[in-house]
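As stored in input02.cif (mmCIF, C-alpha atoms):
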```cif
data_entry
loop_
_atom_site.label_atom_id
_atom_site.label_comp_id
_atom_site.auth_asym_id
_atom_site.auth_seq_id
_atom_site.Cartn_x
_atom_site.Cartn_y
_atom_site.Cartn_z
CA GLN O 775 124.86 55.29 -87.31
CA ILE O 776 125.11 52.00 -89.18
CA LYS O 777 127.42 51.92 -92.18
CA PHE O 778 126.58 49.30 -94.77
CA THR O 779 129.39 47.92 -96.85
CA LEU O 780 129.33 46.42 -100.29
CA ASP O 781 132.58 44.54 -99.62
CA LYS O 782 132.10 40.78 -99.67
CA GLU O 783 134.18 37.60 -100.00
CA VAL O 784 132.67 34.40 -101.42
CA PRO O 785 134.72 31.18 -101.15
CA PHE O 786 134.21 28.66 -103.94
CA LYS O 787 135.69 25.22 -104.63
CA THR O 788 135.42 23.67 -108.10
CA GLU O 789 134.78 20.01 -108.83
CA GLU O 790 138.39 19.88 -110.02
CA GLY O 791 139.52 20.82 -106.52
CA TYR O 792 140.60 24.42 -107.19
CA GLU O 793 139.82 26.81 -104.36
CA TYR O 794 138.88 30.39 -105.15
CA LEU O 795 137.85 33.51 -103.36
CA VAL O 796 135.53 35.85 -105.24
CA VAL O 797 136.11 39.28 -103.71
CA PHE O 798 133.88 42.33 -104.14
CA GLN O 799 135.47 45.57 -102.93
CA GLU O 800 134.26 49.15 -103.35
CA TYR O 801 136.46 51.78 -105.01
CA SER O 802 135.15 54.55 -102.79
CA ASN O 803 137.25 57.33 -104.34
CA TYR O 804 135.89 56.56 -107.83
CA SER O 805 132.37 56.00 -106.53
CA SER O 806 132.20 59.62 -105.38
CA ILE O 807 133.60 60.92 -108.69
CA PHE O 808 131.04 59.11 -110.87
CA GLY O 809 128.04 59.26 -108.52
CA ILE O 810 127.55 55.48 -108.38
CA LYS O 811 129.15 52.74 -106.32
CA ILE O 812 131.98 51.12 -108.28
CA ILE O 813 132.85 47.62 -107.09
CA ASP O 814 136.01 45.75 -108.06
CA VAL O 815 135.40 42.02 -108.48
CA SER O 816 138.42 39.73 -108.22
CA ILE O 817 138.53 35.99 -108.71
CA ILE O 818 141.53 34.77 -106.73
CA LEU O 819 142.95 31.27 -107.14
CA LEU O 820 144.11 30.01 -103.74
CA ASN O 821 145.93 26.92 -105.07
CA ASP O 822 149.52 26.96 -106.32
CA GLU O 823 149.05 25.00 -109.54
CA ILE O 824 147.89 26.36 -112.89
CA GLU O 825 144.14 26.24 -113.24
CA GLN O 826 142.17 24.22 -115.78
CA ASN O 827 138.46 24.57 -115.12
CA THR O 828 135.45 23.01 -116.74
CA TYR O 829 132.64 24.98 -118.32
CA LYS O 830 130.49 24.10 -115.30
CA SER O 831 133.00 25.72 -112.92
CA LEU O 832 133.19 28.87 -115.01
CA ILE O 833 129.39 29.13 -114.90
CA GLU O 834 129.58 29.12 -111.09
CA PHE O 835 131.68 32.31 -111.18
CA VAL O 836 129.00 33.98 -113.31
CA LYS O 837 126.30 32.79 -110.88
CA ILE O 838 128.18 34.31 -107.92
CA ILE O 839 128.52 37.62 -109.77
CA ASN O 840 124.85 37.56 -110.85
CA LEU O 841 123.73 36.96 -107.27
CA TYR O 842 125.80 39.92 -106.09
CA LEU O 843 124.27 42.11 -108.82
CA GLU O 844 120.76 41.05 -107.82
CA GLU O 845 121.48 41.94 -104.18
CA ASN O 846 123.10 45.28 -105.08
CA GLN O 847 121.21 46.97 -107.91
CA ASP O 848 122.65 50.48 -108.21
CA ILE O 849 126.33 49.64 -108.69
CA ILE O 850 128.85 49.13 -111.45
CA LEU O 851 131.14 46.11 -111.27
CA TYR O 852 134.70 46.49 -112.54
CA TYR O 853 136.55 43.32 -113.59
CA TYR O 854 140.19 43.42 -114.73
CA CYS O 855 141.46 40.17 -116.23
CA ASP O 856 144.79 39.05 -114.83
CA ILE O 857 147.80 37.75 -116.72
CA SER O 858 148.68 34.66 -114.68
CA PRO O 859 149.05 31.46 -116.71
CA ILE O 860 146.14 29.12 -117.39
CA LYS O 861 145.96 25.92 -119.40
CA ILE O 862 144.67 26.58 -122.91
CA ARG O 863 144.21 23.83 -125.48
CA ALA O 864 147.30 23.64 -127.65
CA ASN O 865 145.22 23.04 -130.80
CA ARG O 866 143.36 26.37 -130.59
CA LYS O 867 143.36 28.09 -133.98
CA GLN O 868 143.46 31.56 -132.49
CA LYS O 869 146.39 32.39 -130.21
CA LEU O 870 145.32 34.66 -127.37
CA SER O 871 147.09 36.07 -124.34
CA TYR O 872 145.91 34.69 -121.00
CA GLN O 873 144.25 38.00 -120.26
CA GLU O 874 142.43 38.17 -123.60
CA PHE O 875 141.34 34.53 -123.27
CA ARG O 876 139.87 35.20 -119.79
CA SER O 877 138.14 38.32 -121.06
CA LYS O 878 136.49 36.58 -124.02
CA ILE O 879 135.27 33.67 -121.90
CA PHE O 880 133.97 35.91 -119.12
CA ILE O 881 132.09 38.22 -121.49
CA SER O 882 130.55 35.38 -123.51
CA LEU O 883 129.42 33.53 -120.38
CA PHE O 884 128.01 36.66 -118.81
CA LYS O 885 126.04 37.53 -121.95
CA LYS O 886 124.75 33.97 -122.29
CA PHE O 887 123.41 33.76 -118.73
CA ASN O 888 122.02 37.25 -118.23
CA SER O 889 118.80 38.96 -119.05
CA ASN O 890 118.55 42.15 -121.04
CA ASN O 891 118.52 44.10 -117.75
CA TYR O 892 122.33 44.04 -117.53
CA ILE O 893 125.06 45.25 -119.83
CA ILE O 894 128.70 44.32 -119.96
CA GLN O 895 131.11 46.79 -121.50
CA GLU O 896 134.44 45.38 -122.62
CA ILE O 897 137.42 47.71 -122.35
CA VAL O 898 140.53 46.89 -124.36
CA VAL O 899 143.47 49.22 -124.06
CA GLU O 900 146.20 48.62 -126.59
CA ASP O 901 149.70 48.58 -125.13
CA GLU O 902 152.56 48.70 -127.60
CA GLU O 903 155.18 47.95 -124.93
CA SER O 904 153.52 44.80 -123.58
CA GLU O 905 150.26 42.90 -124.00
CA ASN O 906 146.93 44.72 -124.22
CA HIS O 907 144.84 45.31 -121.07
CA TYR O 908 141.34 43.79 -120.76
CA ALA O 909 138.67 44.92 -118.31
CA SER O 910 134.87 44.90 -118.13
CA LEU O 911 132.17 47.04 -116.57
CA ILE O 912 128.87 45.38 -115.62
CA SER O 913 125.67 47.08 -114.49
CA LEU O 914 122.00 47.60 -115.12
CA GLN O 915 121.05 48.93 -118.57
CA SER O 916 119.84 52.10 -116.86
CA ASN O 917 123.46 52.95 -115.96
CA SER O 918 124.73 52.91 -119.55
CA LYS O 919 125.59 56.66 -119.61
CA LYS O 920 127.69 56.29 -116.45
CA ILE O 921 129.41 53.24 -117.93
CA GLU O 922 130.34 55.31 -121.01
CA LYS O 923 131.94 57.98 -118.80
CA ILE O 924 133.83 55.43 -116.72
CA THR O 925 135.00 53.60 -119.86
CA LEU O 926 136.56 56.79 -121.23
CA GLU O 927 138.28 57.46 -117.89
CA LEU O 928 139.60 53.88 -117.62
CA GLU O 929 140.95 53.91 -121.15
CA THR O 930 142.85 57.09 -120.30
CA LEU O 931 144.20 55.68 -117.01
CA LEU O 932 145.20 52.31 -118.46
CA ARG O 933 147.12 53.95 -121.32
CA LYS O 934 149.42 55.77 -118.89
#
```
Just give me the structure of the file as C-alpha cells.
Amino acid sequence: QIKFTLDKEVPFKTEEGYEYLVVFQEYSNYSSIFGIKIIDVSIILLNDEIEQNTYKSLIEFVKIINLYLEENQDIILYYYCDISPIKIRANRKQKLSYQEFRSKIFISLFKKFNSNNYIIQEIVVEDEESENHYASLISLQSNSKKIEKITLELETLLRK
C-alpha cells in the first residue's frame, strides 16, 4: 500500500542572498484528534547573519505557502512565529517584539494575496512572564469550525 505524505521541504534564496528552507510537516497526533490534517509550516533561515528582507522576498514566502495550499486542499496550516532577531527600522513608531512583528507582516501579506477561499486565524496568547506568543492557522473557509476548535485548544496549550 502506498502512503502519501504531506511533508515537504522547499529551498528558497532571496535576492539579498539569504537562504531559507520552507518546511511543511504533519502533526499526525493532532490530525487524528481534530479530523483534519494539521501541517506545521516553518520558515528556517540557513544563514548565520540577522535577516533583512525586502517586500519582494516576503511575498515569495506567501507564494510558496499558497502553492502548498492549492496542492493540498483539506488541511490546516499551523504557523508559529519565532523570536530570533530581525532587523527592524529604528524609526518605527510602534515598538513590537520580533515575534509580533513577524506575525503582523505574515498575516497582512497573506490577506493581501489570497482570495476569499482561505482564512487566516491569528492566535495571540498573552504571557505575563515573557513576551506573548503569536501563531496562525490557515485553511479553506469551509474549515472555519475546525479552526475555531483548534484555536481554543492552542490557546489552552500555549498558556501552560
Task: For CA of Asp781 (chain O) and CA of Glu874 (chain O), the interatomic separation in Å (one decimal) - done: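 Taking CA of Asp781 (chain O) as the start and CA of Glu874 (chain O) as the end point, the length is 26.7 Å.
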Open item on the list: What does the structure give for the distance between CA of Glu800 (chain O) and CA of Phe887 (chain O), in Å to one decimal?
Closed with: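 Value for the CA of Glu800 (chain O)-CA of Phe887 (chain O) distance: 24.3 Å.
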- [ ] Can you work out the spacing between CA of Asp856 (chain O) and CA of Ser910 (chain O) in Å, to one decimal?
- [x]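 One can read the CA of Asp856 (chain O) to CA of Ser910 (chain O) distance as 12.0 Å.
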Task: Neighbour list for Ser882 (chain O) as a ChimeraX atom specification, cut-off 12 Å, only C-alpha atoms, skip fewer than 6 positions in-chain - done: /O:829,832-833,836,875-876,888,893-896,910
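Nearest-residue note for Lys920 (chain O): choosing from O:Ser805, O:Asn840, O:Asn821, O:Asn891, the minimum distance belongs to O:Ser805, counting only C-alpha atoms.
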- [ ] Spell out the residues picked by the PyMOL selection byres ((chain O and resi 816) around 12) here, as an NGL selection string.
- [x] :O and (781-785 or 794-800 or 813-815 or 817-819 or 835 or 838-839 or 851-856 or 909-910)
- [ ] Please return, as a list in words, all polymer residues that have at least one atom within 12 Å of the point (133.0, 53.9, -101.4); use only C-alpha atoms and the file's own coordinate frame.
- [x] Lys777, Phe778, Thr779, Leu780, Asp781, Phe798, Gln799, Glu800, Tyr801, Ser802, Asn803, Tyr804, Ser805, Ser806, Ile807, Phe808, Gly809, Ile810, Lys811, Ile812, Ile813, Asp814, Ile849 and Ile850 of chain O
Open item on the list: Ranking O:Glu922, O:Glu825, O:Asp848, O:Glu790 by minimum distance to Ile897 (chain O) and counting only C-alpha atoms, which one comes first?
Closed with: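 Distance minimum relative to Ile897 (chain O) lands on O:Glu922.
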Task: Using all atoms listed in the file: which of O:Asn890, O:Ser831, O:Ser877, O:Thr930 has the shortest distance to Leu911 (chain O) - done: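 Between O:Asn890, O:Ser831, O:Ser877, O:Thr930, the residue approaching Leu911 (chain O) most closely is O:Ser877.
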Open item on the list: Evaluated on this file, the PyMOL selection byres ((chain O and resi 929) around 10) picks out some residues - which ones are they, written as a list in words?
Closed with: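 Answer for the PyMOL selection byres ((chain O and resi 929) around 10): Ile897, Val898, Val899, Glu900, His907, Ala909, Ile924, Thr925, Leu926, Glu927, Leu928, Thr930, Leu931, Leu932, Arg933 and Lys934 of chain O.
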TODO: Go through O:Leu870, O:Leu883, O:Leu841, O:Ile921 one by one, measure the shortest atom-to-atom distance of each to Asn906 (chain O) using only C-alpha atoms, and give the residue with the smallest value.
DONE: O:Leu870
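Distances from O:Glu834, O:Glu905, O:Glu844, O:Thr828 to Ile857 (chain O) were compared using all atoms listed in the file, and the smallest one belongs to O:Glu905.
What the PyMOL selection byres ((chain O and resi 914) around 7) grabs from this file is Asn891, Tyr892, Ile893, Ser913, Gln915, Ser916 and Asn917 of chain O.
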Keeping C-alpha atoms for every residue in the selection just given, could you write it to a file as a PDB file, in the frame of the given file?
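The result, written out as result_34.pdb:
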```pdb
ATOM      1  CA  ASN O 891     118.520  44.100-117.750  1.00  0.00           C
ATOM      2  CA  TYR O 892     122.330  44.040-117.530  1.00  0.00           C
ATOM      3  CA  ILE O 893     125.060  45.250-119.830  1.00  0.00           C
ATOM      4  CA  SER O 913     125.670  47.080-114.490  1.00  0.00           C
ATOM      5  CA  GLN O 915     121.050  48.930-118.570  1.00  0.00           C
ATOM      6  CA  SER O 916     119.840  52.100-116.860  1.00  0.00           C
ATOM      7  CA  ASN O 917     123.460  52.950-115.960  1.00  0.00           C
TER       8      ASN O 917
END
```
Open item on the list: Nearest residue to Tyr908 (chain O) out of O:Lys923, O:Glu793, O:Gln873, O:Phe880, using all atoms listed in the file?
Closed with: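 With all atoms listed in the file as the atom set, the closest residue is O:Gln873.
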Open item on the list: List as a PyMOL selection string the protein and nucleic acid residues near Ile860 (chain O), meaning an atom at most 9 Å away when all atoms listed in the file are counted, but skip any in the same chain fewer than 6 places from it.
Closed with: chain O and resi 824-826+872
